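Colleague: Below is the file work04.pdb, with PDB, C-alpha atoms, pLDDT in the B column.
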ATOM      1  CA  MET S  10       0.918   3.747  11.867  1.00 72.00           C
ATOM      2  CA  SER S  11      -0.161   5.430   8.664  1.00 86.00           C
ATOM      3  CA  ARG S  12      -1.061   3.455   5.577  1.00 93.00           C
ATOM      4  CA  VAL S  13       0.872   5.672   3.166  1.00 96.00           C
ATOM      5  CA  CYS S  14       3.897   4.604   1.135  1.00 95.00           C
ATOM      6  CA  PRO S  15       6.814   6.998   1.829  1.00 92.00           C
ATOM      7  CA  VAL S  16       8.262   6.453  -1.659  1.00 92.00           C
ATOM      8  CA  THR S  17       5.237   6.833  -3.929  1.00 94.00           C
ATOM      9  CA  GLY S  18       2.762   8.562  -1.600  1.00 95.00           C
ATOM     10  CA  LYS S  19       0.101   5.936  -2.291  1.00 95.00           C
ATOM     11  CA  GLY S  20      -2.581   5.765   0.377  1.00 96.00           C
ATOM     12  CA  PRO S  21      -5.935   4.086   0.951  1.00 96.00           C
ATOM     13  CA  LEU S  22      -8.718   4.532  -1.602  1.00 96.00           C
ATOM     14  CA  SER S  23     -12.421   4.518  -0.841  1.00 97.00           C
ATOM     15  CA  GLY S  24     -15.451   3.333  -2.735  1.00 98.00           C
ATOM     16  CA  ASN S  25     -18.557   1.211  -2.444  1.00 98.00           C
ATOM     17  CA  ASN S  26     -19.298  -2.438  -1.807  1.00 97.00           C
ATOM     18  CA  ARG S  27     -22.070  -3.509  -4.159  1.00 97.00           C
ATOM     19  CA  SER S  28     -24.336  -6.395  -3.206  1.00 97.00           C
ATOM     20  CA  HIS S  29     -26.343  -8.437  -5.669  1.00 98.00           C
ATOM     21  CA  SER S  30     -29.271  -6.044  -5.154  1.00 98.00           C
ATOM     22  CA  LEU S  31     -26.882  -3.095  -5.827  1.00 97.00           C
ATOM     23  CA  ARG S  32     -27.079  -1.686  -2.290  1.00 97.00           C
ATOM     24  CA  ALA S  33     -24.008   0.471  -1.650  1.00 98.00           C
ATOM     25  CA  THR S  34     -21.972   0.442   1.567  1.00 98.00           C
ATOM     26  CA  ARG S  35     -18.668   2.260   1.968  1.00 98.00           C
ATOM     27  CA  ARG S  36     -15.373   0.383   2.020  1.00 97.00           C
ATOM     28  CA  THR S  37     -11.661   1.106   1.690  1.00 97.00           C
ATOM     29  CA  TRP S  38      -8.855  -0.445  -0.318  1.00 96.00           C
ATOM     30  CA  ASN S  39      -5.511  -0.259   1.463  1.00 95.00           C
ATOM     31  CA  CYS S  40      -2.270  -0.148  -0.476  1.00 95.00           C
ATOM     32  CA  ASN S  41      -0.058  -3.242  -0.322  1.00 96.00           C
ATOM     33  CA  LEU S  42       2.495  -2.111   2.289  1.00 96.00           C
ATOM     34  CA  GLN S  43       5.322  -4.530   3.055  1.00 96.00           C
ATOM     35  CA  THR S  44       8.294  -4.136   5.392  1.00 96.00           C
ATOM     36  CA  HIS S  45      11.587  -4.100   3.496  1.00 95.00           C
ATOM     37  CA  THR S  46      15.161  -3.458   4.527  1.00 95.00           C
ATOM     38  CA  ILE S  47      16.833  -0.999   2.170  1.00 92.00           C
ATOM     39  CA  ILE S  48      20.143   0.850   2.276  1.00 91.00           C
ATOM     40  CA  VAL S  49      19.833   4.633   2.659  1.00 89.00           C
ATOM     41  CA  ASP S  50      23.050   6.692   2.890  1.00 93.00           C
ATOM     42  CA  GLY S  51      25.062   3.556   3.648  1.00 94.00           C
ATOM     43  CA  LYS S  52      22.825   2.467   6.542  1.00 96.00           C
ATOM     44  CA  LYS S  53      20.229  -0.292   6.613  1.00 96.00           C
ATOM     45  CA  MET S  54      16.712   0.950   7.301  1.00 94.00           C
ATOM     46  CA  ARG S  55      13.437  -0.924   7.709  1.00 95.00           C
ATOM     47  CA  VAL S  56      10.776   0.820   5.649  1.00 94.00           C
ATOM     48  CA  ARG S  57       7.097   0.005   5.102  1.00 95.00           C
ATOM     49  CA  MET S  58       6.696   0.629   1.392  1.00 96.00           C
ATOM     50  CA  SER S  59       4.320  -0.563  -1.274  1.00 96.00           C
ATOM     51  CA  ALA S  60       5.185  -3.749  -3.110  1.00 95.00           C
ATOM     52  CA  ARG S  61       5.100  -1.893  -6.441  1.00 95.00           C
ATOM     53  CA  ALA S  62       7.609   0.711  -5.189  1.00 95.00           C
ATOM     54  CA  TYR S  63       9.946  -2.029  -3.952  1.00 95.00           C
ATOM     55  CA  ARG S  64       9.797  -3.816  -7.311  1.00 95.00           C
ATOM     56  CA  SER S  65      10.689  -0.535  -9.034  1.00 94.00           C
ATOM     57  CA  LEU S  66      13.640   0.044  -6.685  1.00 92.00           C
ATOM     58  CA  VAL S  67      14.978  -3.467  -7.244  1.00 90.00           C
ATOM     59  CA  LYS S  68      14.883  -3.000 -11.014  1.00 89.00           C
TER      60      LYS S  68
END
Represent the structure from my file as structure tokens, please.

Modeller:
Amino acid sequence: MSRVCPVTGKGPLSGNNRSHSLRATRRTWNCNLQTHTIIVDGKKMRVRMSARAYRSLVK
């Protein structure tokens, strides 16, 4: 299962963990995907979309 929002196209970002001594190790930030039921063409569909995209659709 991919970690990409089908509405906005947001995906995981990568960067560094920084310890107190400033050693860098790689890490990822995943987008906040939630399962929502939305109506598409008159049919209910379960979609894993980002929380921000869902808030925009509700508004």

Colleague: Check the smallest atom-to-atom distance from each of S:Leu66, S:Lys19, S:Met10, S:Gly51 to Trp38 in chain S using all atoms listed in the file, then report the winner.

Modeller: S:Lys19

Colleague: Could you tell me how far CA of Val16 in chain S lies from CA of Ala62 in chain S, in Å and to one decimal?

Modeller: 6.8 Å

Colleague: Evaluate the PyMOL selection byres ((chain S and resi 63) around 12) here and jot the selected residues down as a list in words.

Modeller: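 Taken over the shown coordinates, the PyMOL selection byres ((chain S and resi 63) around 12) returns Cys14, Pro15, Val16, Thr17, Asn41, Leu42, Gln43, Thr44, His45, Thr46, Ile47, Val56, Arg57, Met58, Ser59, Ala60, Arg61, Ala62, Arg64, Ser65, Leu66, Val67 and Lys68 of chain S.
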
Colleague: To one decimal place in Å, what is the distance between CA of Thr37 in chain S and CA of Asn25 in chain S?

Modeller: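 So the two atoms, CA of Thr37 in chain S and CA of Asn25 in chain S, lie 8.0 Å apart.
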
Colleague: With 6 Å added on each side, what axis-aligned box encloses every listed atom of range 15-28 of chain S? Give the centre and edge lengths in Å to one decimal, as JSON.

Modeller:
{"center_x": -8.0, "center_y": 1.1, "center_z": -1.2, "size_x": 44.6, "size_y": 27.0, "size_z": 18.0}

Colleague: What is the CA of Lys53 in chain S to CA of Pro21 in chain S distance in Å?

Modeller: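 According to the coordinates, CA of Lys53 in chain S and CA of Pro21 in chain S are separated by 27.1 Å.
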
Colleague: Place N, CA and C atoms on range 34-55 of chain S and deliver the coordinates as an mmCIF file, in the frame of the given file.

Modeller:
data_model
loop_
_atom_site.group_PDB
_atom_site.id
_atom_site.type_symbol
_atom_site.label_atom_id
_atom_site.label_comp_id
_atom_site.auth_asym_id
_atom_site.auth_seq_id
_atom_site.Cartn_x
_atom_site.Cartn_y
_atom_site.Cartn_z
ATOM 1 N N THR S 34 -22.539 0.140 0.258
ATOM 2 C CA THR S 34 -21.972 0.442 1.567
ATOM 3 C C THR S 34 -20.518 0.824 1.351
ATOM 4 N N ARG S 35 -20.025 1.745 2.168
ATOM 5 C CA ARG S 35 -18.668 2.260 1.968
ATOM 6 C C ARG S 35 -17.614 1.230 2.377
ATOM 7 N N ARG S 36 -16.502 1.241 1.687
ATOM 8 C CA ARG S 36 -15.373 0.383 2.020
ATOM 9 C C ARG S 36 -14.085 1.080 1.611
ATOM 10 N N THR S 37 -12.957 0.541 2.056
ATOM 11 C CA THR S 37 -11.661 1.106 1.690
ATOM 12 C C THR S 37 -10.777 0.012 1.110
ATOM 13 N N TRP S 38 -9.906 0.417 0.215
ATOM 14 C CA TRP S 38 -8.855 -0.445 -0.318
ATOM 15 C C TRP S 38 -7.546 0.110 0.197
ATOM 16 N N ASN S 39 -6.804 -0.696 0.963
ATOM 17 C CA ASN S 39 -5.511 -0.259 1.463
ATOM 18 C C ASN S 39 -4.429 -0.638 0.460
ATOM 19 N N CYS S 40 -3.376 0.181 0.414
ATOM 20 C CA CYS S 40 -2.270 -0.148 -0.476
ATOM 21 C C CYS S 40 -1.474 -1.312 0.128
ATOM 22 N N ASN S 41 -0.763 -2.020 -0.709
ATOM 23 C CA ASN S 41 -0.058 -3.242 -0.322
ATOM 24 C C ASN S 41 1.287 -2.877 0.308
ATOM 25 N N LEU S 42 1.271 -2.495 1.597
ATOM 26 C CA LEU S 42 2.495 -2.111 2.289
ATOM 27 C C LEU S 42 3.196 -3.343 2.840
ATOM 28 N N GLN S 43 4.482 -3.441 2.563
ATOM 29 C CA GLN S 43 5.322 -4.530 3.055
ATOM 30 C C GLN S 43 6.535 -3.909 3.737
ATOM 31 N N THR S 44 7.082 -4.600 4.720
ATOM 32 C CA THR S 44 8.294 -4.136 5.392
ATOM 33 C C THR S 44 9.506 -4.660 4.637
ATOM 34 N N HIS S 45 10.373 -3.740 4.223
ATOM 35 C CA HIS S 45 11.587 -4.100 3.496
ATOM 36 C C HIS S 45 12.776 -3.422 4.146
ATOM 37 N N THR S 46 13.919 -4.054 4.063
ATOM 38 C CA THR S 46 15.161 -3.458 4.527
ATOM 39 C C THR S 46 15.917 -2.935 3.315
ATOM 40 N N ILE S 47 16.121 -1.612 3.290
ATOM 41 C CA ILE S 47 16.833 -0.999 2.170
ATOM 42 C C ILE S 47 18.010 -0.204 2.725
ATOM 43 N N ILE S 48 18.959 0.103 1.866
ATOM 44 C CA ILE S 48 20.143 0.850 2.276
ATOM 45 C C ILE S 48 19.951 2.306 1.873
ATOM 46 N N VAL S 49 19.980 3.195 2.887
ATOM 47 C CA VAL S 49 19.833 4.633 2.659
ATOM 48 C C VAL S 49 21.050 5.314 3.266
ATOM 49 N N ASP S 50 21.828 6.000 2.450
ATOM 50 C CA ASP S 50 23.050 6.692 2.890
ATOM 51 C C ASP S 50 24.020 5.747 3.597
ATOM 52 N N GLY S 51 24.134 4.525 3.094
ATOM 53 C CA GLY S 51 25.062 3.556 3.648
ATOM 54 C C GLY S 51 24.585 2.844 4.897
ATOM 55 N N LYS S 52 23.362 3.118 5.351
ATOM 56 C CA LYS S 52 22.825 2.467 6.542
ATOM 57 C C LYS S 52 21.591 1.664 6.168
ATOM 58 N N LYS S 53 21.417 0.519 6.838
ATOM 59 C CA LYS S 53 20.229 -0.292 6.613
ATOM 60 C C LYS S 53 19.055 0.314 7.368
ATOM 61 N N MET S 54 17.924 0.432 6.678
ATOM 62 C CA MET S 54 16.712 0.950 7.301
ATOM 63 C C MET S 54 15.556 0.032 6.968
ATOM 64 N N ARG S 55 14.670 -0.175 7.961
ATOM 65 C CA ARG S 55 13.437 -0.924 7.709
ATOM 66 C C ARG S 55 12.360 0.079 7.340
#
